[in-house]
Every structure is written in C-alpha cells, then in structure tokens.
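The structure appears right after this line, and notes come after that.
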Amino acid sequence: MTAVRVQHDVLQRLIHNIFLNAGFEEEDSKTLADHLVLANLRGIDSHGVSRMKTYMDRVRTGMINVGNHYTVHNEYASSCLLDGKNHMGILLATEGIRIAVEKAEKTGIGMVGIRQSNHCGMLADYVKYAADHDCVALAVTNSPSSIAPWGGKEAFFGTNPFAYGIPTREEYPIVFDMATSVVARGKIRLAQKNNMKIPIGWAVSKDGEPTDDPNVALDGGTVLPVGGPKGYGLAFFVEVLSSILTGASFGPHLGSLYLNEQQDVGQYFLVFKADLFTDMDTFKTRMSQMIEEVKANPRIEGIERIYLPGELEFIQKEKREKEGIPLSAAVVDELEEVASLYGIIPSFV
Ligand SMILES: NC(=O)c1ccc[n+]([C@@H]2O[C@H](COP(=O)([O-])OP(=O)(O)OC[C@H]3O[C@@H](n4cnc5c(N)ncnc54)[C@H](O)[C@@H]3O)[C@@H](O)[C@H]2O)c1
C-alpha cells in the first residue's frame, strides 16, 4: 500500500469499528477512536492510529482487558484512587480526568490517581477536557524505562510526559503537553517504522554514544532527558506522582508496551477551578492580558510569530480537519493488517 491522506471522520469510523469488533462497548470504542484520531489531527502522529497494532496485539494476547471496569479506593471529597484492573489506559485516563473535574466543580480541587493502568496516549486530550470546564489541570503518567538517571547509562525512568491545561477566553485554551525526554520515544518508533533517521541529540546508544539510527536508539539505548539534569528531575517527579503515590509500578518494574507482559502504568491528575482565588472573569481577563503581552514580545530575526503553548497543535488540527490526515505507507499497512483480523476491509476514501 502507499501513503494516503484520509479525512478524519473516515479514519475515526475505521478505528471505532476495529475496537467494536474487538469486543469494546460502543461508548468505549468511540472514546478510543476519538482520542487516537485527535492525536493525528493535532499532528502528534506518534500517539495516533500508528499505535493501533501495538494496542490490538495486547488486547488479542490478553495483556489488556477489554472494557473499563475500574474500582474506586481512598475516596475523599476532593480525591480518589482508581484501580484500573488492567483496562485500556486511554479509557481509564478519560474517566480519571472526568472524576477529577467533577470533584473540582464541587470542592474547588480534584485529584485522581490511577494504578493498574496502561499506556494512555496523548495527555493533551485530558487537560483540554479540564480547561474546557474552566479548570486548570496538571496531568502526568509514567511509561516504560527509556531515560537514564543523569550520569547513568541504563534506562530507568519513562519518557514520563506532563501536561497542563488552562482555560482562556481566546479561541483555544492553553494546552501544553511534553515528554520529559527531548522527544517522546514514540517519535523514534515512528521513525523506525518509516525507515527514517532521527536527529542527533534525541537518543544515545547502549554505550552512551550519540546516534541518528532509531534501531540503535531502541536496542538498549536511552532517550535523553530534556534540558539534561533538569529533565531528569522532572521525570523523577512524574514517576513519584504516577507510581509511588498511586501504587502503580515504577521505573524498570513497569511492564513493556511491546513485550508479552502487563504494564501496571500509573496516571495522576490534579485539577482546580480557575476561580479558586479570584472570580472567573478576572482570571480570564488577566490571562488575555498576559497572552497579548507574550504575543507582542519583540521577535528574533526570522521568526514570524510567537505561539502560545499548544497553539501549533490547534492550528494543525484545523488544517488537517480540512485537508485530511497523512498516513505513511507503513501505518496504512499496519491498519490493514489489524483490520483484517476482525474481517474489516479498510477504506481510506
Ligand atoms: N502516554 C505516554 O506514555 C507518553 C509518553 C511520552 C509522551 N507522550 C505524549 O507524546 C506527545 C508528544 O510529546 P513531545 O514531548 O514529543 O511533544 P512536542 O515536543 O511535540 O511538544 C511539546 C510542547 O511544546 C509546545 N511547542 C512546541 N513548539 C512550540 C513553539 N514554537 N511555541 C510554543 N510552544 C511550542 C507544543 O505545543 C507542546 O505543548 C505528547 O502528547 C505526550 O503526552 C505520551
């Protein structure tokens, strides 16, 4: 098959249908498909439908339970812990942020931890939900070992992303979402899938040597933390919130996404009403003023525009909603392979 450009609703229907045929409930299938296609729409292709083969391999081999039957523990007015019972991380995180927002709307603050979870995809989806409900949100998750402790050469921490969302009166909320590594490891996997090199500075080999070869990076190498020891410090904190606090596995004890083992990933959401210390109107007016001043900053030569955190992804989404989502030949092949397992012949038109 060759590369295609596919309309987002066509792709959403295909992914929805695959999940349905794999035994997921209608609502869960929709949530999963919406999340993955949203990642592609936002230009985060490493966390979009390119993940389908991995997810479905895990579902078929029983490494992930179909459904979303978590249990609630340690519940207080403002916080609770979910035991995810090894269901899809995206479903558990969607539910986790919904509960955190519900608690914030009642008490001002909502905090939800999740243990026994799985890979939850792109964090932006969760913090945007909170921002759309006039809440400020912090979201983190741990992930399989990829980053060495600063000075070490063996992977220990995951690429442990953290994201924040802030409501605004502007066209888009602020949605910042980054791995604490220089890039998400998924981008290295996508480069490997598409037979492309990676920039020097993303990863090192198992001997600690810089590499532009995704195969070398993924064969016992490590991904570099963003900002050196500072990224390491952030990855450390994300690990504590996601796992030590929730009871999920940490560091190298976390199961691999790609091997036949359960993951026990942890997620953590902290959400609070944006009008906790002031009224909403004042909060948003001051946000607008800050945004205006940030945007008006004198630009260095060659820079046409200053973007807000997350703005590039909102612009990309609008573009791809009109022009379609580009899928590489390798991703199309994988989608065809996965769909065929459920008797589905994918159409990309
Ligand atoms: N679930 C997991 O286990 C896991 C692990 C790692 C990463 N991820 C996901 O991978 C995705 C990609 O992470 P990443 O670190 O490669 O992201 P990235 O480097 O593409 O972007 C990081 C952030 O920087 C902002 N940004 C980039 N350029 C900018 C500019 N010129 N001006 C203003 N802001 C700008 C983006 O809007 C974004 O919020 C994220 O969605 C993350 O949640 C998930």
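Identifiers for the structure tokens are assigned positionally: chains receive A, B, ... in sequence, residues are indexed from 1 per chain, and ligands are indexed from 1 in the order shown.
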*Would you name the residues within 8 Å of ligand 1, counting only C-alpha atoms and all ligand atoms, and put them as number ranges by chain?*
A: 39, 44, 46-47, 119-124, 141-144, 158-163, 175-187, 306-313
*Residues of range 195-288 of chain A in strand (DSSP E) according to DSSP, as a PyMOL selection string?*
chain A and resi 203-204+210-211+222-223+265-273
*Among listed residues A:Thr168, A:Thr31, A:Asn65, A:Gln7, nearest Ser288 in chain A (using only C-alpha atoms)*: A:Thr168
So that I can check the surroundings of range 264-273 of chain A, please list as a PDB file with N, CA, C and O atoms, in the first residue's frame every protein, DNA and RNA residue that reaches within 6 Å of it, counting only C-alpha atoms and ignoring chain neighbours fewer than 4 positions away.
ATOM      1  N   ALA A 104     -13.548  18.792  41.387  1.00  0.00           N
ATOM      2  CA  ALA A 104     -13.144  20.208  41.417  1.00  0.00           C
ATOM      3  C   ALA A 104     -14.383  21.107  41.350  1.00  0.00           C
ATOM      4  O   ALA A 104     -14.441  22.148  42.018  1.00  0.00           O
ATOM      5  N   GLY A 108     -13.706  22.618  44.537  1.00  0.00           N
ATOM      6  CA  GLY A 108     -12.628  23.548  44.138  1.00  0.00           C
ATOM      7  C   GLY A 108     -11.415  22.810  43.613  1.00  0.00           C
ATOM      8  O   GLY A 108     -10.728  23.294  42.711  1.00  0.00           O
ATOM      9  N   ILE A 109     -11.137  21.615  44.184  1.00  0.00           N
ATOM     10  CA  ILE A 109      -9.946  20.858  43.785  1.00  0.00           C
ATOM     11  C   ILE A 109     -10.321  19.401  43.545  1.00  0.00           C
ATOM     12  O   ILE A 109     -11.118  18.825  44.299  1.00  0.00           O
ATOM     13  N   GLY A 110      -9.754  18.805  42.545  1.00  0.00           N
ATOM     14  CA  GLY A 110      -9.967  17.377  42.299  1.00  0.00           C
ATOM     15  C   GLY A 110      -8.639  16.705  42.001  1.00  0.00           C
ATOM     16  O   GLY A 110      -7.853  17.211  41.199  1.00  0.00           O
ATOM     17  N   MET A 111      -8.375  15.609  42.685  1.00  0.00           N
ATOM     18  CA  MET A 111      -7.114  14.893  42.450  1.00  0.00           C
ATOM     19  C   MET A 111      -7.430  13.408  42.286  1.00  0.00           C
ATOM     20  O   MET A 111      -8.082  12.813  43.140  1.00  0.00           O
ATOM     21  N   VAL A 112      -6.979  12.846  41.172  1.00  0.00           N
ATOM     22  CA  VAL A 112      -7.244  11.426  40.916  1.00  0.00           C
ATOM     23  C   VAL A 112      -5.952  10.730  40.530  1.00  0.00           C
ATOM     24  O   VAL A 112      -5.196  11.215  39.676  1.00  0.00           O
ATOM     25  N   GLY A 113      -5.684   9.614  41.199  1.00  0.00           N
ATOM     26  CA  GLY A 113      -4.553   8.765  40.821  1.00  0.00           C
ATOM     27  C   GLY A 113      -5.095   7.480  40.220  1.00  0.00           C
ATOM     28  O   GLY A 113      -6.212   7.053  40.556  1.00  0.00           O
ATOM     29  N   ILE A 114      -4.334   6.872  39.332  1.00  0.00           N
ATOM     30  CA  ILE A 114      -4.760   5.594  38.737  1.00  0.00           C
ATOM     31  C   ILE A 114      -3.594   4.615  38.806  1.00  0.00           C
ATOM     32  O   ILE A 114      -2.463   4.977  38.458  1.00  0.00           O
ATOM     33  N   ARG A 115      -3.879   3.409  39.266  1.00  0.00           N
ATOM     34  CA  ARG A 115      -2.864   2.350  39.214  1.00  0.00           C
ATOM     35  C   ARG A 115      -3.424   1.206  38.374  1.00  0.00           C
ATOM     36  O   ARG A 115      -4.600   1.214  38.007  1.00  0.00           O
ATOM     37  N   GLN A 116      -2.605   0.231  38.063  1.00  0.00           N
ATOM     38  CA  GLN A 116      -3.027  -0.898  37.204  1.00  0.00           C
ATOM     39  C   GLN A 116      -3.636  -0.378  35.900  1.00  0.00           C
ATOM     40  O   GLN A 116      -4.684  -0.833  35.455  1.00  0.00           O
ATOM     41  N   SER A 117      -2.958   0.616  35.324  1.00  0.00           N
ATOM     42  CA  SER A 117      -3.436   1.189  34.077  1.00  0.00           C
ATOM     43  C   SER A 117      -2.484   0.775  32.947  1.00  0.00           C
ATOM     44  O   SER A 117      -1.579  -0.041  33.156  1.00  0.00           O
ATOM     45  N   ASN A 118      -2.716   1.334  31.784  1.00  0.00           N
ATOM     46  CA  ASN A 118      -1.869   1.063  30.612  1.00  0.00           C
ATOM     47  C   ASN A 118      -1.537   2.377  29.932  1.00  0.00           C
ATOM     48  O   ASN A 118      -1.958   3.446  30.384  1.00  0.00           O
ATOM     49  N   CYS A 135     -11.304  24.717  34.349  1.00  0.00           N
ATOM     50  CA  CYS A 135     -10.370  24.265  35.385  1.00  0.00           C
ATOM     51  C   CYS A 135      -8.933  24.330  34.862  1.00  0.00           C
ATOM     52  O   CYS A 135      -8.685  24.143  33.671  1.00  0.00           O
ATOM     53  N   VAL A 136      -8.011  24.568  35.772  1.00  0.00           N
ATOM     54  CA  VAL A 136      -6.586  24.428  35.477  1.00  0.00           C
ATOM     55  C   VAL A 136      -6.242  22.974  35.800  1.00  0.00           C
ATOM     56  O   VAL A 136      -6.727  22.426  36.796  1.00  0.00           O
ATOM     57  N   ALA A 137      -5.432  22.338  34.957  1.00  0.00           N
ATOM     58  CA  ALA A 137      -5.156  20.907  35.188  1.00  0.00           C
ATOM     59  C   ALA A 137      -3.691  20.581  34.971  1.00  0.00           C
ATOM     60  O   ALA A 137      -3.024  21.173  34.113  1.00  0.00           O
ATOM     61  N   LEU A 138      -3.221  19.633  35.757  1.00  0.00           N
ATOM     62  CA  LEU A 138      -1.906  19.027  35.559  1.00  0.00           C
ATOM     63  C   LEU A 138      -2.150  17.537  35.358  1.00  0.00           C
ATOM     64  O   LEU A 138      -2.909  16.927  36.121  1.00  0.00           O
ATOM     65  N   ALA A 139      -1.548  16.964  34.334  1.00  0.00           N
ATOM     66  CA  ALA A 139      -1.691  15.525  34.091  1.00  0.00           C
ATOM     67  C   ALA A 139      -0.324  14.918  33.871  1.00  0.00           C
ATOM     68  O   ALA A 139       0.503  15.503  33.154  1.00  0.00           O
ATOM     69  N   VAL A 140      -0.069  13.776  34.496  1.00  0.00           N
ATOM     70  CA  VAL A 140       1.195  13.071  34.259  1.00  0.00           C
ATOM     71  C   VAL A 140       0.929  11.569  34.173  1.00  0.00           C
ATOM     72  O   VAL A 140      -0.073  11.066  34.682  1.00  0.00           O
ATOM     73  N   THR A 141       1.845  10.889  33.524  1.00  0.00           N
ATOM     74  CA  THR A 141       1.808   9.420  33.514  1.00  0.00           C
ATOM     75  C   THR A 141       3.245   8.918  33.472  1.00  0.00           C
ATOM     76  O   THR A 141       4.109   9.591  32.889  1.00  0.00           O
ATOM     77  N   ASN A 142       3.479   7.768  34.077  1.00  0.00           N
ATOM     78  CA  ASN A 142       4.795   7.178  33.859  1.00  0.00           C
ATOM     79  C   ASN A 142       4.711   6.252  32.646  1.00  0.00           C
ATOM     80  O   ASN A 142       3.628   6.018  32.095  1.00  0.00           O
ATOM     81  N   SER A 242       2.993   9.459  39.593  1.00  0.00           N
ATOM     82  CA  SER A 242       2.260   8.414  38.863  1.00  0.00           C
ATOM     83  C   SER A 242       2.295   7.070  39.569  1.00  0.00           C
ATOM     84  O   SER A 242       1.345   6.298  39.468  1.00  0.00           O
ATOM     85  N   SER A 243       3.411   6.777  40.234  1.00  0.00           N
ATOM     86  CA  SER A 243       3.542   5.402  40.727  1.00  0.00           C
ATOM     87  C   SER A 243       3.716   5.279  42.240  1.00  0.00           C
ATOM     88  O   SER A 243       2.975   4.537  42.883  1.00  0.00           O
ATOM     89  N   ALA A 248       1.145   2.140  41.571  1.00  0.00           N
ATOM     90  CA  ALA A 248       1.497   1.524  40.278  1.00  0.00           C
ATOM     91  C   ALA A 248       2.986   1.162  40.287  1.00  0.00           C
ATOM     92  O   ALA A 248       3.728   1.576  41.181  1.00  0.00           O
ATOM     93  N   SER A 249       3.424   0.408  39.293  1.00  0.00           N
ATOM     94  CA  SER A 249       4.849   0.044  39.226  1.00  0.00           C
ATOM     95  C   SER A 249       5.684   1.266  38.850  1.00  0.00           C
ATOM     96  O   SER A 249       5.187   2.185  38.205  1.00  0.00           O
TER      97      SER A 249
END
*Got a sec: who's within 6 Å of range 197-201 of chain A, counting only C-alpha atoms, leaving out chain neighbours fewer than 6 positions off, as a PyMOL selection string?*
chain A and resi 211-213
